[in-house]
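Following: one structure in structure tokens, then a few remarks.
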Amino acid sequence: MSNNRVSRRQFLGYTLTGVGGFMAAGMLMPMVRFAVDPVLQQKEGGDFVLTDQRVDEVTEEPVRVDFTFEQTDAWYVSEVTSSAWVYKEGDKLIALSPVCKHLGCTVNWAGDPEQPNRFFCPCHAGRYEKNGQNVPGTPPLGPLDEYDVQEQDGYVAIGVVKANTLVV
Amino acid sequence: MHFIGKDIDQYLSQREYVDTAVVPLLELNLNPSDLKSSAGASEYLQSLTALLEKQFKGRILLFPPLSYTSGADRERVAEEISAEMKKAEFKHVFYLTTDAAWRSVEKLENVLWLPAIPTMDMDRNFKQSVMEDQLRQVLPLFLKEWS
């Protein structure tokens with residue numbers, strides 16, 4: 001039997017603190033859970049979409065690769081076909097978005113026979129270098145966006161679109 | 001751009017760049033025997049114009065199809081739509097249709113007549129490639145008009 005006996009007052013103090021702590025935690029936990037919810041949410045649409053373009057057939061010349069995914073627009077689900085310009089830089093796969101940064105037309109590689117090593121937008125003659133850098137003096141104000149891209153079983157898989165990381 | 005609120009805001013601020021209107025002309029024929037081909041033509045025309053809009057989003061404003069009955073007086077439709085289009089002051093106006101009756105209407109300029117291809121029984125990839133072939137027929141006509 002130890003000498004420092006717990007007095008009735010102390011015992012009640014400890015008990016109340018313990019019970020109060022549990023009650024406070026019971027109230028705070030859901031609040032904290034709500035606050036951090038966006039972080040815990042599972043990302044939808046972050047997956048890669050498999051295309052039918054073989055990786056070993058990709059060269060340094062950009063090729064157009066189409067891919068289809070489901071898009072939900074309010075209650076309306078539709079299959080959307082998008083494309084990307086895919087090429088290899090050394091061994092690295094690069095996929096650029098074909099959407100012109102001016103007003104959203106679709107750009108083509110070597111679309112203008114006079115400048116075969118640039119992307120060309122037929123709407124207002126916007127031009128981009130191979131890495132997506134917009135050519136100064138043409139309407140676009142920024143470089144082409146880039147897609148996350150990876151190899152899956154020998155085929156090109158396209159991920160989410162992100163700002164261009166190739167332009168320095 | 002499509003004829004929807006969001007795109008129209010952008011159109012209003014970028015008018016100097018969006019100088020071309022595209023109006024699909026669509027015949028509604030509800031005779032039981034013609035119903036299916038009319039619907040097929042509608043599908044074809046709308047897929048084609050949607051592809052066209054994707055390619056030239058920043059320069060064309062795609063209107064919803066102007067639909068008229070099979071017995072409609074094409075001359076009158078032509079007058080009314082061209083009068084309405086004048087109000088918006090587009091530099092170029094294109095009309096796309098699969099209805100052969102428009103070939104003899106002189107009042108509209110830049111009517112692109114295309115024979116409808118029944119795409120409903122094709123699988124998705126094949127349909128996509130057929131429609132892109134069709135698009136390639138139309139693109140040069142736009143580029144020629146713009147140059």
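We name chains A, B, ... following the order of the structure tokens; residues begin at 1 in each chain, and ligands are numbered from 1 as shown.
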
Enumerate, as a PDB file with N, CA and C atoms, in the first residue's frame, the complete set of residues in chain A that a backbone-based DSSP assignment places in strand (DSSP E or B).
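Writing done, so here's out-v5.pdb:
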```pdb
ATOM      1  N   VAL A  49      -4.691   6.819 -68.793  1.00  0.00           N
ATOM      2  CA  VAL A  49      -5.525   6.218 -69.825  1.00  0.00           C
ATOM      3  C   VAL A  49      -4.611   5.536 -70.839  1.00  0.00           C
ATOM      4  N   LEU A  50      -4.864   4.258 -71.057  1.00  0.00           N
ATOM      5  CA  LEU A  50      -4.031   3.497 -71.978  1.00  0.00           C
ATOM      6  C   LEU A  50      -4.414   3.845 -73.416  1.00  0.00           C
ATOM      7  N   THR A  51      -3.441   4.081 -74.256  1.00  0.00           N
ATOM      8  CA  THR A  51      -3.718   4.348 -75.670  1.00  0.00           C
ATOM      9  C   THR A  51      -3.269   3.138 -76.484  1.00  0.00           C
ATOM     10  N   ASP A  52      -3.518   3.164 -77.788  1.00  0.00           N
ATOM     11  CA  ASP A  52      -3.041   2.033 -78.589  1.00  0.00           C
ATOM     12  C   ASP A  52      -1.771   2.379 -79.370  1.00  0.00           C
ATOM     13  N   GLN A  53      -1.010   3.313 -78.833  1.00  0.00           N
ATOM     14  CA  GLN A  53       0.270   3.675 -79.441  1.00  0.00           C
ATOM     15  C   GLN A  53       1.394   2.908 -78.754  1.00  0.00           C
ATOM     16  N   ARG A  54       2.158   2.124 -79.537  1.00  0.00           N
ATOM     17  CA  ARG A  54       3.272   1.384 -78.942  1.00  0.00           C
ATOM     18  C   ARG A  54       4.431   2.333 -78.651  1.00  0.00           C
ATOM     19  N   VAL A  63       3.992  12.409 -82.799  1.00  0.00           N
ATOM     20  CA  VAL A  63       2.842  11.769 -83.453  1.00  0.00           C
ATOM     21  C   VAL A  63       1.596  12.042 -82.623  1.00  0.00           C
ATOM     22  N   ARG A  64       0.476  12.076 -83.322  1.00  0.00           N
ATOM     23  CA  ARG A  64      -0.781  12.317 -82.611  1.00  0.00           C
ATOM     24  C   ARG A  64      -1.294  11.020 -82.036  1.00  0.00           C
ATOM     25  N   VAL A  65      -1.604  10.999 -80.750  1.00  0.00           N
ATOM     26  CA  VAL A  65      -2.134   9.816 -80.096  1.00  0.00           C
ATOM     27  C   VAL A  65      -3.502  10.174 -79.520  1.00  0.00           C
ATOM     28  N   ASP A  66      -4.515   9.415 -79.947  1.00  0.00           N
ATOM     29  CA  ASP A  66      -5.865   9.667 -79.435  1.00  0.00           C
ATOM     30  C   ASP A  66      -6.126   8.814 -78.214  1.00  0.00           C
ATOM     31  N   PHE A  67      -6.883   9.326 -77.290  1.00  0.00           N
ATOM     32  CA  PHE A  67      -7.296   8.523 -76.147  1.00  0.00           C
ATOM     33  C   PHE A  67      -8.691   8.966 -75.731  1.00  0.00           C
ATOM     34  N   THR A  68      -9.430   8.002 -75.151  1.00  0.00           N
ATOM     35  CA  THR A  68     -10.835   8.251 -74.824  1.00  0.00           C
ATOM     36  C   THR A  68     -11.053   8.052 -73.342  1.00  0.00           C
ATOM     37  N   PHE A  69     -11.791   8.944 -72.740  1.00  0.00           N
ATOM     38  CA  PHE A  69     -12.119   8.782 -71.336  1.00  0.00           C
ATOM     39  C   PHE A  69     -13.546   9.252 -71.120  1.00  0.00           C
ATOM     40  N   GLU A  70     -14.083   8.892 -69.967  1.00  0.00           N
ATOM     41  CA  GLU A  70     -15.450   9.302 -69.657  1.00  0.00           C
ATOM     42  C   GLU A  70     -15.440  10.627 -68.924  1.00  0.00           C
ATOM     43  N   GLN A  71     -16.300  11.510 -69.350  1.00  0.00           N
ATOM     44  CA  GLN A  71     -16.381  12.809 -68.700  1.00  0.00           C
ATOM     45  C   GLN A  71     -17.794  13.003 -68.182  1.00  0.00           C
ATOM     46  N   THR A  72     -17.908  13.408 -66.925  1.00  0.00           N
ATOM     47  CA  THR A  72     -19.234  13.643 -66.353  1.00  0.00           C
ATOM     48  C   THR A  72     -19.481  15.142 -66.306  1.00  0.00           C
ATOM     49  N   ASP A  73     -20.545  15.564 -66.980  1.00  0.00           N
ATOM     50  CA  ASP A  73     -20.901  16.969 -67.032  1.00  0.00           C
ATOM     51  C   ASP A  73     -22.267  17.082 -66.372  1.00  0.00           C
ATOM     52  N   TYR A  76     -24.750  14.316 -67.100  1.00  0.00           N
ATOM     53  CA  TYR A  76     -24.568  13.786 -68.435  1.00  0.00           C
ATOM     54  C   TYR A  76     -23.169  13.183 -68.569  1.00  0.00           C
ATOM     55  N   VAL A  77     -23.117  11.879 -68.762  1.00  0.00           N
ATOM     56  CA  VAL A  77     -21.823  11.223 -68.915  1.00  0.00           C
ATOM     57  C   VAL A  77     -21.556  11.008 -70.390  1.00  0.00           C
ATOM     58  N   SER A  78     -20.404  11.462 -70.852  1.00  0.00           N
ATOM     59  CA  SER A  78     -20.119  11.268 -72.269  1.00  0.00           C
ATOM     60  C   SER A  78     -18.701  10.753 -72.434  1.00  0.00           C
ATOM     61  N   GLU A  79     -18.470  10.083 -73.534  1.00  0.00           N
ATOM     62  CA  GLU A  79     -17.125   9.627 -73.847  1.00  0.00           C
ATOM     63  C   GLU A  79     -16.436  10.705 -74.657  1.00  0.00           C
ATOM     64  N   VAL A  80     -15.308  11.144 -74.168  1.00  0.00           N
ATOM     65  CA  VAL A  80     -14.608  12.222 -74.842  1.00  0.00           C
ATOM     66  C   VAL A  80     -13.317  11.679 -75.436  1.00  0.00           C
ATOM     67  N   THR A  81     -13.079  12.018 -76.675  1.00  0.00           N
ATOM     68  CA  THR A  81     -11.824  11.642 -77.295  1.00  0.00           C
ATOM     69  C   THR A  81     -10.916  12.857 -77.325  1.00  0.00           C
ATOM     70  N   SER A  82      -9.747  12.699 -76.740  1.00  0.00           N
ATOM     71  CA  SER A  82      -8.762  13.766 -76.774  1.00  0.00           C
ATOM     72  C   SER A  82      -7.525  13.250 -77.482  1.00  0.00           C
ATOM     73  N   SER A  83      -6.606  14.129 -77.753  1.00  0.00           N
ATOM     74  CA  SER A  83      -5.365  13.646 -78.336  1.00  0.00           C
ATOM     75  C   SER A  83      -4.184  14.354 -77.700  1.00  0.00           C
ATOM     76  N   ALA A  84      -3.022  13.788 -77.950  1.00  0.00           N
ATOM     77  CA  ALA A  84      -1.790  14.368 -77.426  1.00  0.00           C
ATOM     78  C   ALA A  84      -0.720  14.211 -78.494  1.00  0.00           C
ATOM     79  N   TRP A  85       0.244  15.093 -78.487  1.00  0.00           N
ATOM     80  CA  TRP A  85       1.397  14.942 -79.376  1.00  0.00           C
ATOM     81  C   TRP A  85       2.514  14.271 -78.578  1.00  0.00           C
ATOM     82  N   VAL A  86       2.872  13.057 -78.980  1.00  0.00           N
ATOM     83  CA  VAL A  86       3.825  12.266 -78.209  1.00  0.00           C
ATOM     84  C   VAL A  86       5.127  12.112 -78.987  1.00  0.00           C
ATOM     85  N   TYR A  87       6.253  12.329 -78.313  1.00  0.00           N
ATOM     86  CA  TYR A  87       7.550  12.062 -78.929  1.00  0.00           C
ATOM     87  C   TYR A  87       8.560  11.690 -77.856  1.00  0.00           C
ATOM     88  N   LYS A  88       9.726  11.250 -78.330  1.00  0.00           N
ATOM     89  CA  LYS A  88      10.773  10.850 -77.391  1.00  0.00           C
ATOM     90  C   LYS A  88      11.894  11.866 -77.404  1.00  0.00           C
ATOM     91  N   GLU A  89      12.352  12.188 -76.210  1.00  0.00           N
ATOM     92  CA  GLU A  89      13.533  13.040 -76.089  1.00  0.00           C
ATOM     93  C   GLU A  89      14.586  12.157 -75.434  1.00  0.00           C
ATOM     94  N   LYS A  92      13.232   9.536 -72.912  1.00  0.00           N
ATOM     95  CA  LYS A  92      12.113  10.058 -72.134  1.00  0.00           C
ATOM     96  C   LYS A  92      10.914  10.307 -73.045  1.00  0.00           C
ATOM     97  N   LEU A  93       9.752   9.806 -72.592  1.00  0.00           N
ATOM     98  CA  LEU A  93       8.520  10.056 -73.345  1.00  0.00           C
ATOM     99  C   LEU A  93       7.972  11.437 -72.986  1.00  0.00           C
ATOM    100  N   ILE A  94       7.531  12.155 -74.009  1.00  0.00           N
ATOM    101  CA  ILE A  94       6.950  13.467 -73.756  1.00  0.00           C
ATOM    102  C   ILE A  94       5.610  13.552 -74.465  1.00  0.00           C
ATOM    103  N   ALA A  95       4.594  14.031 -73.770  1.00  0.00           N
ATOM    104  CA  ALA A  95       3.271  14.188 -74.375  1.00  0.00           C
ATOM    105  C   ALA A  95       2.809  15.624 -74.160  1.00  0.00           C
ATOM    106  N   LEU A  96       2.526  16.308 -75.260  1.00  0.00           N
ATOM    107  CA  LEU A  96       2.067  17.692 -75.170  1.00  0.00           C
ATOM    108  C   LEU A  96       0.591  17.776 -75.532  1.00  0.00           C
ATOM    109  N   VAL A  99      -3.939  21.664 -77.303  1.00  0.00           N
ATOM    110  CA  VAL A  99      -4.841  22.808 -77.187  1.00  0.00           C
ATOM    111  C   VAL A  99      -4.046  24.110 -77.157  1.00  0.00           C
ATOM    112  N   THR A 106      -7.003  23.466 -81.994  1.00  0.00           N
ATOM    113  CA  THR A 106      -6.139  22.299 -81.953  1.00  0.00           C
ATOM    114  C   THR A 106      -4.908  22.565 -82.822  1.00  0.00           C
ATOM    115  N   ASN A 108      -1.304  21.559 -84.773  1.00  0.00           N
ATOM    116  CA  ASN A 108      -0.763  20.427 -85.510  1.00  0.00           C
ATOM    117  C   ASN A 108       0.741  20.543 -85.622  1.00  0.00           C
ATOM    118  N   TRP A 109       1.408  19.392 -85.515  1.00  0.00           N
ATOM    119  CA  TRP A 109       2.853  19.365 -85.748  1.00  0.00           C
ATOM    120  C   TRP A 109       3.083  19.542 -87.242  1.00  0.00           C
ATOM    121  N   PHE A 119       5.047  23.393 -84.010  1.00  0.00           N
ATOM    122  CA  PHE A 119       3.591  23.221 -83.961  1.00  0.00           C
ATOM    123  C   PHE A 119       2.948  24.469 -84.542  1.00  0.00           C
ATOM    124  N   PHE A 120       1.834  24.254 -85.240  1.00  0.00           N
ATOM    125  CA  PHE A 120       1.173  25.365 -85.905  1.00  0.00           C
ATOM    126  C   PHE A 120      -0.306  25.354 -85.583  1.00  0.00           C
ATOM    127  N   CYS A 121      -0.841  26.507 -85.225  1.00  0.00           N
ATOM    128  CA  CYS A 121      -2.275  26.632 -84.982  1.00  0.00           C
ATOM    129  C   CYS A 121      -2.905  27.327 -86.187  1.00  0.00           C
ATOM    130  N   GLY A 126      -0.703  30.738 -84.770  1.00  0.00           N
ATOM    131  CA  GLY A 126       0.156  30.620 -83.601  1.00  0.00           C
ATOM    132  C   GLY A 126       1.200  29.538 -83.848  1.00  0.00           C
ATOM    133  N   ARG A 127       2.396  29.726 -83.308  1.00  0.00           N
ATOM    134  CA  ARG A 127       3.453  28.733 -83.497  1.00  0.00           C
ATOM    135  C   ARG A 127       4.088  28.371 -82.160  1.00  0.00           C
ATOM    136  N   TYR A 128       4.518  27.102 -82.076  1.00  0.00           N
ATOM    137  CA  TYR A 128       5.204  26.637 -80.874  1.00  0.00           C
ATOM    138  C   TYR A 128       6.411  25.818 -81.302  1.00  0.00           C
ATOM    139  N   ASN A 134       6.016  28.781 -76.852  1.00  0.00           N
ATOM    140  CA  ASN A 134       5.367  29.602 -77.870  1.00  0.00           C
ATOM    141  C   ASN A 134       6.380  30.527 -78.540  1.00  0.00           C
ATOM    142  N   GLU A 146       1.402  20.152 -70.804  1.00  0.00           N
ATOM    143  CA  GLU A 146       2.044  18.853 -70.924  1.00  0.00           C
ATOM    144  C   GLU A 146       1.171  17.815 -70.217  1.00  0.00           C
ATOM    145  N   TYR A 147       1.200  16.588 -70.705  1.00  0.00           N
ATOM    146  CA  TYR A 147       0.503  15.511 -70.006  1.00  0.00           C
ATOM    147  C   TYR A 147       1.503  14.683 -69.218  1.00  0.00           C
ATOM    148  N   ASP A 148       1.056  14.149 -68.059  1.00  0.00           N
ATOM    149  CA  ASP A 148       1.830  13.086 -67.428  1.00  0.00           C
ATOM    150  C   ASP A 148       1.778  11.903 -68.382  1.00  0.00           C
ATOM    151  N   VAL A 149       2.897  11.226 -68.563  1.00  0.00           N
ATOM    152  CA  VAL A 149       2.882  10.113 -69.502  1.00  0.00           C
ATOM    153  C   VAL A 149       3.744   8.995 -68.953  1.00  0.00           C
ATOM    154  N   GLN A 150       3.344   7.754 -69.179  1.00  0.00           N
ATOM    155  CA  GLN A 150       4.167   6.632 -68.744  1.00  0.00           C
ATOM    156  C   GLN A 150       3.964   5.456 -69.695  1.00  0.00           C
ATOM    157  N   GLU A 151       4.838   4.466 -69.539  1.00  0.00           N
ATOM    158  CA  GLU A 151       4.740   3.275 -70.365  1.00  0.00           C
ATOM    159  C   GLU A 151       4.001   2.210 -69.570  1.00  0.00           C
ATOM    160  N   GLN A 152       2.989   1.593 -70.187  1.00  0.00           N
ATOM    161  CA  GLN A 152       2.294   0.480 -69.541  1.00  0.00           C
ATOM    162  C   GLN A 152       2.271  -0.695 -70.517  1.00  0.00           C
ATOM    163  N   TYR A 155       2.843   0.069 -74.085  1.00  0.00           N
ATOM    164  CA  TYR A 155       2.004   1.081 -74.730  1.00  0.00           C
ATOM    165  C   TYR A 155       2.070   2.412 -73.962  1.00  0.00           C
ATOM    166  N   VAL A 156       1.774   3.485 -74.683  1.00  0.00           N
ATOM    167  CA  VAL A 156       1.780   4.805 -74.069  1.00  0.00           C
ATOM    168  C   VAL A 156       0.515   4.981 -73.233  1.00  0.00           C
ATOM    169  N   ALA A 157       0.665   5.451 -72.004  1.00  0.00           N
ATOM    170  CA  ALA A 157      -0.489   5.778 -71.171  1.00  0.00           C
ATOM    171  C   ALA A 157      -0.417   7.250 -70.802  1.00  0.00           C
ATOM    172  N   ILE A 158      -1.550   7.937 -70.946  1.00  0.00           N
ATOM    173  CA  ILE A 158      -1.585   9.382 -70.756  1.00  0.00           C
ATOM    174  C   ILE A 158      -2.296   9.705 -69.450  1.00  0.00           C
ATOM    175  N   GLY A 159      -1.706  10.601 -68.675  1.00  0.00           N
ATOM    176  CA  GLY A 159      -2.274  10.959 -67.384  1.00  0.00           C
ATOM    177  C   GLY A 159      -2.901  12.340 -67.399  1.00  0.00           C
ATOM    178  N   VAL A 160      -2.747  13.045 -66.287  1.00  0.00           N
ATOM    179  CA  VAL A 160      -3.398  14.347 -66.180  1.00  0.00           C
ATOM    180  C   VAL A 160      -2.566  15.433 -66.858  1.00  0.00           C
ATOM    181  N   VAL A 161      -3.259  16.505 -67.187  1.00  0.00           N
ATOM    182  CA  VAL A 161      -2.593  17.615 -67.855  1.00  0.00           C
ATOM    183  C   VAL A 161      -1.961  18.511 -66.792  1.00  0.00           C
ATOM    184  N   LYS A 162      -0.804  19.059 -67.098  1.00  0.00           N
ATOM    185  CA  LYS A 162      -0.123  19.939 -66.138  1.00  0.00           C
ATOM    186  C   LYS A 162       0.589  21.037 -66.921  1.00  0.00           C
TER     187      LYS A 162
END
```

Enumerate as a PDB file with all heavy atoms, in the first residue's frame the residues belonging to chain B that approach chain A to within 7 Å, with only C-alpha atoms taken into account.
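Saved as result-v5.pdb:
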```pdb
ATOM      1  N   LYS B  54     -13.949  21.685 -82.454  1.00  0.00           N
ATOM      2  CA  LYS B  54     -12.784  21.322 -81.648  1.00  0.00           C
ATOM      3  C   LYS B  54     -11.494  21.791 -82.340  1.00  0.00           C
ATOM      4  O   LYS B  54     -10.585  22.299 -81.688  1.00  0.00           O
ATOM      5  CB  LYS B  54     -12.760  19.811 -81.477  1.00  0.00           C
ATOM      6  CG  LYS B  54     -11.985  19.363 -80.287  1.00  0.00           C
ATOM      7  CD  LYS B  54     -12.213  17.891 -80.047  1.00  0.00           C
ATOM      8  CE  LYS B  54     -11.243  17.361 -79.028  1.00  0.00           C
ATOM      9  NZ  LYS B  54     -11.239  15.904 -79.009  1.00  0.00           N
ATOM     10  N   GLN B  55     -11.456  21.616 -83.647  1.00  0.00           N
ATOM     11  CA  GLN B  55     -10.266  22.007 -84.387  1.00  0.00           C
ATOM     12  C   GLN B  55     -10.086  23.528 -84.389  1.00  0.00           C
ATOM     13  O   GLN B  55      -8.987  24.032 -84.177  1.00  0.00           O
ATOM     14  CB  GLN B  55     -10.377  21.481 -85.827  1.00  0.00           C
ATOM     15  CG  GLN B  55      -9.279  21.941 -86.758  1.00  0.00           C
ATOM     16  CD  GLN B  55      -7.933  21.361 -86.378  1.00  0.00           C
ATOM     17  OE1 GLN B  55      -7.763  20.154 -86.268  1.00  0.00           O
ATOM     18  NE2 GLN B  55      -6.960  22.230 -86.143  1.00  0.00           N
ATOM     19  N   PHE B  56     -11.164  24.262 -84.637  1.00  0.00           N
ATOM     20  CA  PHE B  56     -11.065  25.715 -84.819  1.00  0.00           C
ATOM     21  C   PHE B  56     -11.736  26.477 -83.686  1.00  0.00           C
ATOM     22  O   PHE B  56     -12.301  27.535 -83.908  1.00  0.00           O
ATOM     23  CB  PHE B  56     -11.722  26.108 -86.143  1.00  0.00           C
ATOM     24  CG  PHE B  56     -10.976  25.663 -87.358  1.00  0.00           C
ATOM     25  CD1 PHE B  56     -11.652  25.228 -88.486  1.00  0.00           C
ATOM     26  CD2 PHE B  56      -9.594  25.708 -87.401  1.00  0.00           C
ATOM     27  CE1 PHE B  56     -10.965  24.824 -89.629  1.00  0.00           C
ATOM     28  CE2 PHE B  56      -8.905  25.309 -88.536  1.00  0.00           C
ATOM     29  CZ  PHE B  56      -9.594  24.862 -89.653  1.00  0.00           C
ATOM     30  N   LYS B  57     -11.676  25.935 -82.490  1.00  0.00           N
ATOM     31  CA  LYS B  57     -12.394  26.532 -81.350  1.00  0.00           C
ATOM     32  C   LYS B  57     -12.200  28.040 -81.222  1.00  0.00           C
ATOM     33  O   LYS B  57     -13.138  28.769 -80.918  1.00  0.00           O
ATOM     34  CB  LYS B  57     -11.927  25.850 -80.063  1.00  0.00           C
ATOM     35  CG  LYS B  57     -12.708  26.260 -78.839  1.00  0.00           C
ATOM     36  CD  LYS B  57     -12.220  25.497 -77.630  1.00  0.00           C
ATOM     37  CE  LYS B  57     -12.991  25.841 -76.382  1.00  0.00           C
ATOM     38  NZ  LYS B  57     -14.417  25.553 -76.472  1.00  0.00           N
ATOM     39  N   GLY B  58     -10.994  28.487 -81.434  1.00  0.00           N
ATOM     40  CA  GLY B  58     -10.692  29.896 -81.192  1.00  0.00           C
ATOM     41  C   GLY B  58     -11.083  30.820 -82.321  1.00  0.00           C
ATOM     42  O   GLY B  58     -10.902  32.024 -82.218  1.00  0.00           O
ATOM     43  N   ARG B  59     -11.616  30.267 -83.417  1.00  0.00           N
ATOM     44  CA  ARG B  59     -11.930  31.172 -84.504  1.00  0.00           C
ATOM     45  C   ARG B  59     -13.371  31.078 -84.973  1.00  0.00           C
ATOM     46  O   ARG B  59     -13.858  31.984 -85.636  1.00  0.00           O
ATOM     47  CB  ARG B  59     -10.993  30.890 -85.690  1.00  0.00           C
ATOM     48  CG  ARG B  59     -11.164  31.903 -86.783  1.00  0.00           C
ATOM     49  CD  ARG B  59      -9.899  32.194 -87.533  1.00  0.00           C
ATOM     50  NE  ARG B  59     -10.133  33.285 -88.462  1.00  0.00           N
ATOM     51  CZ  ARG B  59      -9.311  33.615 -89.429  1.00  0.00           C
ATOM     52  NH1 ARG B  59      -8.188  32.952 -89.600  1.00  0.00           N
ATOM     53  NH2 ARG B  59      -9.590  34.615 -90.236  1.00  0.00           N
TER      54      ARG B  59
END
```

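Taking CA of Leu26 in chain B as the reference point, CA of Leu12 in chain B is found at 26.7 Å.
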
Quiz prompt | Nearest to Leu112 in chain B by atom-to-atom distance, counting only C-alpha atoms, from B:Thr49, B:Asn125, B:Ser70, B:Ser38 | solution =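 Residue with the minimum atom-to-atom distance to Leu112 in chain B: B:Thr49.
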
Quiz item: Can you list, as an MDAnalysis selection string, every residue of range 54-114 of chain B that DSSP puts in alpha helix (DSSP H)?
Solution: chainID B and resid 54:55 74:88

Quiz prompt | Tyr44 in chain B surroundings by only C-alpha atoms, 8 Å radius, close-in-sequence under 6 positions cut, as a PyMOL selection string | solution = chain B and resi 116-119

Quiz item: Could you name the residues that touch Trp113 in chain B at 8 Å or less, counting only C-alpha atoms, but leaving out those on the same chain fewer than 4 positions away, as a PyMOL selection string?
Solution: chain B and resi 96-100+102-103
